[in-house]
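Note: the block below is protein_37.txt and it holds compact mmCIF, C-alpha atoms.
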```
# COMPACT_ATOMS: atom_id res chain seq x y z
CA MET A 201 46.06 70.71 -85.97
CA TYR A 202 48.07 67.67 -84.96
CA LEU A 203 51.14 68.32 -82.88
CA CYS A 204 52.53 65.12 -84.40
CA SER A 205 52.12 65.00 -88.15
CA MET A 206 52.16 61.24 -88.70
CA LYS A 207 48.77 59.76 -89.41
CA ALA A 208 47.85 56.21 -88.44
CA ILE A 209 47.83 55.10 -92.08
CA ASP A 210 51.48 56.20 -92.38
CA ILE A 211 52.31 54.28 -89.21
CA PHE A 212 50.59 51.20 -90.62
CA ASP A 213 52.70 51.61 -93.76
CA ILE A 214 55.89 51.44 -91.67
CA PHE A 215 54.61 48.29 -89.97
CA ASP A 216 53.71 46.80 -93.35
CA ARG A 217 57.13 47.61 -94.84
CA GLN A 218 58.93 46.09 -91.88
CA ILE A 219 56.89 42.89 -92.08
CA ALA A 220 57.62 42.55 -95.79
CA GLN A 221 61.33 43.11 -95.22
CA TYR A 222 61.39 40.55 -92.38
CA HIS A 223 59.95 37.91 -94.69
CA THR A 224 62.70 38.33 -97.27
CA ALA A 225 64.88 36.34 -94.88
CA ASP A 226 62.07 34.93 -92.69
CA SER A 227 64.49 34.32 -89.83
CA THR A 228 63.96 35.10 -86.16
CA THR A 229 67.72 35.54 -85.73
CA GLU A 230 68.19 38.02 -88.59
CA PRO A 231 68.77 41.51 -87.09
CA SER A 232 66.42 44.38 -87.79
CA HIS A 233 67.51 46.46 -90.79
CA ASN A 234 65.92 49.69 -89.67
CA PRO A 235 66.06 52.32 -92.45
CA PHE A 236 65.29 55.22 -90.11
CA GLY A 237 67.62 57.31 -88.01
CA GLU A 238 68.07 56.08 -84.46
CA GLY A 239 66.13 58.25 -82.04
CA SER A 240 63.45 59.17 -84.56
CA PHE A 241 59.80 58.29 -84.03
CA GLU A 242 59.86 56.22 -87.23
CA PHE A 243 62.81 54.25 -85.86
CA LEU A 244 60.78 53.33 -82.77
CA LEU A 245 57.81 52.25 -84.88
CA TRP A 246 59.99 50.02 -87.07
CA GLU A 247 61.61 48.40 -84.03
CA LYS A 248 58.19 47.87 -82.43
CA SER A 249 56.98 46.08 -85.54
CA PHE A 250 60.16 44.00 -85.72
CA ILE A 251 59.76 42.83 -82.12
CA ASP A 252 56.15 41.83 -82.80
CA THR A 253 57.05 40.05 -86.03
CA VAL A 254 59.81 37.99 -84.43
CA GLN A 255 57.51 37.07 -81.55
CA TRP A 256 54.75 36.04 -83.98
CA HIS A 257 57.13 33.52 -85.51
CA LEU A 258 58.50 32.36 -82.18
CA GLU A 259 54.92 31.53 -81.19
CA ASP A 260 54.64 29.50 -84.40
CA LEU A 261 57.85 27.60 -83.65
CA ILE A 262 56.64 26.52 -80.21
CA ARG A 263 53.21 25.29 -81.42
CA PRO A 264 53.98 21.81 -82.89
CA ASN A 265 53.21 18.95 -80.52
CA ASP A 266 56.50 17.23 -81.35
CA VAL A 267 58.76 20.19 -80.53
CA ASP A 268 61.74 19.11 -78.41
CA PRO A 269 61.08 20.01 -74.73
CA VAL A 270 64.50 21.61 -74.33
CA GLU A 271 63.93 23.68 -77.46
CA ALA A 272 60.43 24.57 -76.25
CA LEU A 273 61.85 25.90 -72.99
CA ARG A 274 64.44 27.94 -74.88
CA LEU A 275 61.69 29.42 -77.06
CA LYS A 276 59.52 30.14 -74.01
CA ARG A 277 62.35 32.09 -72.38
CA TRP A 278 62.88 33.95 -75.63
CA ILE A 279 59.17 34.81 -75.85
CA ASP A 280 59.27 36.09 -72.25
CA ARG A 281 62.14 38.43 -73.13
CA SER A 282 60.31 39.51 -76.27
CA ASN A 283 57.19 40.33 -74.26
CA GLN A 284 59.26 42.60 -72.04
CA GLN A 285 60.88 44.25 -75.07
CA ARG A 286 57.42 44.80 -76.57
CA THR A 287 56.19 46.49 -73.40
CA ASP A 288 59.31 48.61 -73.09
CA MET A 289 58.97 49.78 -76.69
CA VAL A 290 55.30 50.67 -76.23
CA GLU A 291 56.24 52.79 -73.23
CA ARG A 292 58.98 54.54 -75.22
CA ILE A 293 56.44 55.40 -77.92
CA ASP A 294 54.04 56.71 -75.28
CA ASP A 295 56.87 58.84 -73.88
CA TYR A 296 57.14 60.39 -77.33
CA TYR A 297 53.43 61.21 -77.35
CA MET A 298 53.64 62.59 -73.83
CA GLN A 299 56.27 65.06 -75.07
CA GLN A 300 54.17 65.89 -78.14
CA PHE A 301 51.13 66.76 -76.05
CA ALA A 302 52.95 68.25 -73.06
CA SER A 303 52.00 71.81 -74.05
CA VAL A 304 48.28 71.02 -74.43
CA THR A 305 46.05 72.15 -71.59
CA PRO A 306 43.24 69.62 -71.24
CA LEU A 307 39.73 71.02 -71.28
CA PRO A 308 37.85 70.96 -67.96
CA ASP A 309 35.75 68.02 -69.13
CA ALA A 310 38.65 66.17 -70.80
CA LYS A 311 38.43 62.40 -70.46
CA ILE A 312 41.02 59.64 -70.26
CA ASN A 313 41.01 57.07 -73.03
CA THR A 314 40.82 53.36 -72.23
CA GLU A 315 44.26 52.93 -73.76
CA THR A 316 47.17 55.17 -74.61
CA PRO A 317 48.15 55.97 -78.22
CA ALA A 318 51.06 53.52 -78.12
CA TRP A 319 48.92 50.63 -76.92
CA ALA A 320 46.50 51.41 -79.74
CA LEU A 321 49.48 51.25 -82.11
CA ASP A 322 50.39 47.92 -80.54
CA ARG A 323 47.01 46.63 -81.72
CA LEU A 324 47.66 48.12 -85.15
CA SER A 325 51.04 46.38 -85.35
CA ILE A 326 49.51 42.99 -84.55
CA LEU A 327 46.71 43.67 -87.02
CA ALA A 328 49.27 44.34 -89.74
CA LEU A 329 50.78 40.90 -89.05
CA LYS A 330 47.37 39.23 -89.21
CA ILE A 331 46.59 40.91 -92.53
CA TYR A 332 49.94 39.88 -94.00
CA HIS A 333 49.57 36.24 -93.02
CA PHE A 334 45.90 35.98 -93.95
CA ALA A 335 46.76 37.38 -97.39
CA ILE A 336 49.11 34.41 -97.80
CA GLU A 337 46.31 32.03 -96.86
CA VAL A 338 43.90 33.71 -99.27
CA HIS A 339 46.33 33.20 -102.17
CA ARG A 340 47.00 29.51 -101.48
CA THR A 341 45.91 27.43 -104.46
CA GLU A 342 46.05 23.95 -102.96
CA VAL A 343 43.22 24.46 -100.43
CA SER A 344 39.54 23.62 -100.83
CA THR A 345 36.99 26.16 -102.01
CA GLU A 346 35.46 26.17 -98.54
CA GLN A 347 38.81 26.85 -96.87
CA HIS A 348 39.53 29.68 -99.30
CA ALA A 349 36.10 31.21 -98.63
CA ARG A 350 36.64 31.08 -94.86
CA CYS A 351 40.04 32.74 -95.15
CA LEU A 352 38.76 35.39 -97.53
CA ALA A 353 35.89 36.25 -95.20
CA LYS A 354 38.29 36.65 -92.27
CA TYR A 355 40.72 38.67 -94.39
CA ASN A 356 37.95 41.07 -95.39
CA ILE A 357 37.00 41.54 -91.75
CA LEU A 358 40.63 42.34 -90.92
CA ILE A 359 40.71 44.98 -93.67
CA GLU A 360 37.55 46.52 -92.26
CA GLN A 361 39.08 46.43 -88.78
CA LYS A 362 42.18 48.17 -90.15
CA THR A 363 40.04 51.03 -91.47
CA ASP A 364 38.18 51.37 -88.18
CA LEU A 365 41.29 51.20 -86.02
CA ILE A 366 43.18 53.73 -88.13
CA THR A 367 40.21 56.11 -87.87
CA ALA A 368 39.97 55.59 -84.11
CA ILE A 369 43.69 56.24 -83.59
CA ASP A 370 43.56 59.43 -85.66
CA ASP A 371 40.51 60.54 -83.67
CA LEU A 372 42.34 59.88 -80.41
CA LEU A 373 45.39 61.88 -81.49
CA GLN A 374 43.11 64.69 -82.64
CA ASP A 375 41.31 64.70 -79.28
CA LEU A 376 44.61 64.73 -77.41
CA SER A 377 45.98 67.58 -79.49
CA GLN A 378 42.87 69.66 -78.83
CA GLY A 379 42.57 68.86 -75.14
CA ARG A 380 39.35 66.87 -75.40
CA LYS A 381 41.23 63.89 -73.98
CA LYS A 382 44.32 63.85 -71.80
CA MET A 383 47.39 61.67 -71.68
CA LYS A 384 47.90 59.67 -68.52
CA LEU A 385 50.37 56.81 -68.35
CA TYR A 386 50.34 53.77 -66.12
CA ARG A 387 53.50 51.74 -66.57
CA GLN A 388 53.10 48.01 -67.02
CA MET A 389 53.91 46.41 -63.67
CA LYS A 390 55.42 43.19 -65.02
CA MET A 391 56.21 40.68 -62.30
CA TYR A 392 56.85 37.39 -64.08
CA ASN A 393 60.42 38.18 -65.15
CA ASP A 394 61.46 40.40 -62.25
CA PRO A 395 63.72 38.54 -59.78
CA GLN A 396 62.72 41.02 -57.08
CA LEU A 397 58.94 40.51 -57.51
CA ASN A 398 58.32 36.98 -58.75
CA PRO A 399 58.34 34.58 -55.76
CA MET A 400 59.38 31.72 -58.04
CA LEU A 401 62.55 33.68 -58.75
CA TYR A 402 63.41 35.39 -55.49
CA GLY A 403 62.33 32.27 -53.58
CA LYS A 404 65.19 30.38 -55.19
CA LYS A 405 67.81 32.59 -53.55
```
Structure encoded using structure tokens:
Amino acid sequence: MYLCSMKAIDIFDIFDRQIAQYHTADSTTEPSHNPFGEGSFEFLLWEKSFIDTVQWHLEDLIRPNDVDPVEALRLKRWIDRSNQQRTDMVERIDDYYMQQFASVTPLPDAKINTETPAWALDRLSILALKIYHFAIEVHRTEVSTEQHARCLAKYNILIEQKTDLITAIDDLLQDLSQGRKKMKLYRQMKMYNDPQLNPMLYGKK
């Protein structure tokens, strides 16, 4: 039995709902309207998806070749902060899983997964964004037949990837709950935005 009852498909649904809500305003400055109670696991998942969705669109805003350099620098700083928020949120989600599996005694031959549950969910969150935006491309009517076919082929691959990733995440959680794999966290040692670790920052003092 799972110690945590939420399946990966239900987590994907939260990501999908958040993405749809974001696009009702389609604004990087609109605050998150999280429908879940603060402190709940669902609340963390919604906030994770919101951070990723805002960053997706910030990356779009900085892409044009004619973007004003001052504006580009402002967006770059914003993206840096968003990257840190994304990492922090992943680690908070992993803390939740650590608590969920704290009472499980790993089997003697238990293995460590290549990534933690939360980093797998990070991939699922980004995949949800790709699926949403490719669906838009698939339904465009002003593109050529060839362009539509290319987008549809990629969209179908993303849907297949969604099925595989959801299955893999559920399998990982099952293995963790039964001791076949064990949780082990390595915090992300970010240096680029740390004034104590980045020589370009502490060297300015």
For A:Ala335, list every protein, DNA or RNA residue within 8 Å, evaluated using only C-alpha atoms, and leave out those in the same chain fewer than 4 positions away; present the list as an NGL selection string. :A and (331 or 339 or 355)
Excluding A:Cys351 and residues on its chain fewer than 6 positions from it, collect all residues at most 8 Å away from it, counting only C-alpha atoms, and give them as number ranges by chain. A: 334, 337-338
Keeping C-alpha atoms for every residue in the selection just given, could you write it to a file as a PDB file, in the frame of the given file?
```
ATOM      1  CA  PHE A 334      45.900  35.980 -93.950  1.00  0.00           C
ATOM      2  CA  GLU A 337      46.310  32.030 -96.860  1.00  0.00           C
ATOM      3  CA  VAL A 338      43.900  33.710 -99.270  1.00  0.00           C
TER       4      VAL A 338
END
```
Neighbouring residues of A:Leu245 were defined as those with any atom within 12 Å, considering all atoms listed in the file; residues of the same chain fewer than 3 positions away were excluded. Please report them as a PyMOL selection string. chain A and resi 206+208+210-219+234-242+248-252+286+289-294+296+318+321-322+324-325
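For the pair atom CA of A:Asn265 and atom CA of A:Leu358, the interatomic distance is 28.5 Å.
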If I put a ball of radius 12 Å at (53.5, 66.7, -71.0) in the file's coordinates, which residues poke into it when counting all atoms listed in the file, written as number ranges by chain? A: 294-306, 376-377, 379, 382-385
Provide the atom CA of A:Asp288 to atom CA of A:Lys381 distance in Å, to one decimal place. 23.7 Å
For a quick check of understanding, using only C-alpha atoms, which of A:Asp375, A:Asp266, A:Glu230, A:Asp370 has the smallest distance to A:Thr253? A:Glu230
What separates atom CA of A:Leu244 and atom CA of A:Arg277 is a distance of 23.7 Å
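Closest approach to A:Leu352 from the set A:Arg340, A:Leu365, A:Trp246, A:Arg380 is made by A:Arg340, with distances taken over only C-alpha atoms.
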Take every atom of stretch 238-248 of chain A listed in the file, fit an axis-aligned box around them, add 3 Å per side, and give the centre and edge lengths in Å to one decimal as lines of an AutoDock Vina configuration file.
```
center_x = 62.9
center_y = 53.5
center_z = -84.6
size_x = 16.3
size_y = 17.3
size_z = 11.2
```
Set out as a tab-separated table a contact list for stretch 262-370 of chain A and stretch 221-228 of chain A with a cut-off of 12 Å, giving each residue of stretch 262-370 of chain A that qualifies its closest atom pair and distance in Å to one decimal, counting all atoms listed in the file, ordered by chain and rising residue number.
```
residue	atom	partner	partner_atom	distance
A:Leu275	CA	A:Thr228	CA	11.0
A:Trp278	CA	A:Thr228	CA	10.6
A:Ile279	CA	A:Thr228	CA	11.4
A:Ser282	CA	A:Thr228	CA	11.4
A:Leu329	CA	A:Tyr222	CA	11.1
A:Tyr332	CA	A:His223	CA	10.2
A:His333	CA	A:His223	CA	10.6
A:Ile336	CA	A:His223	CA	11.8
```
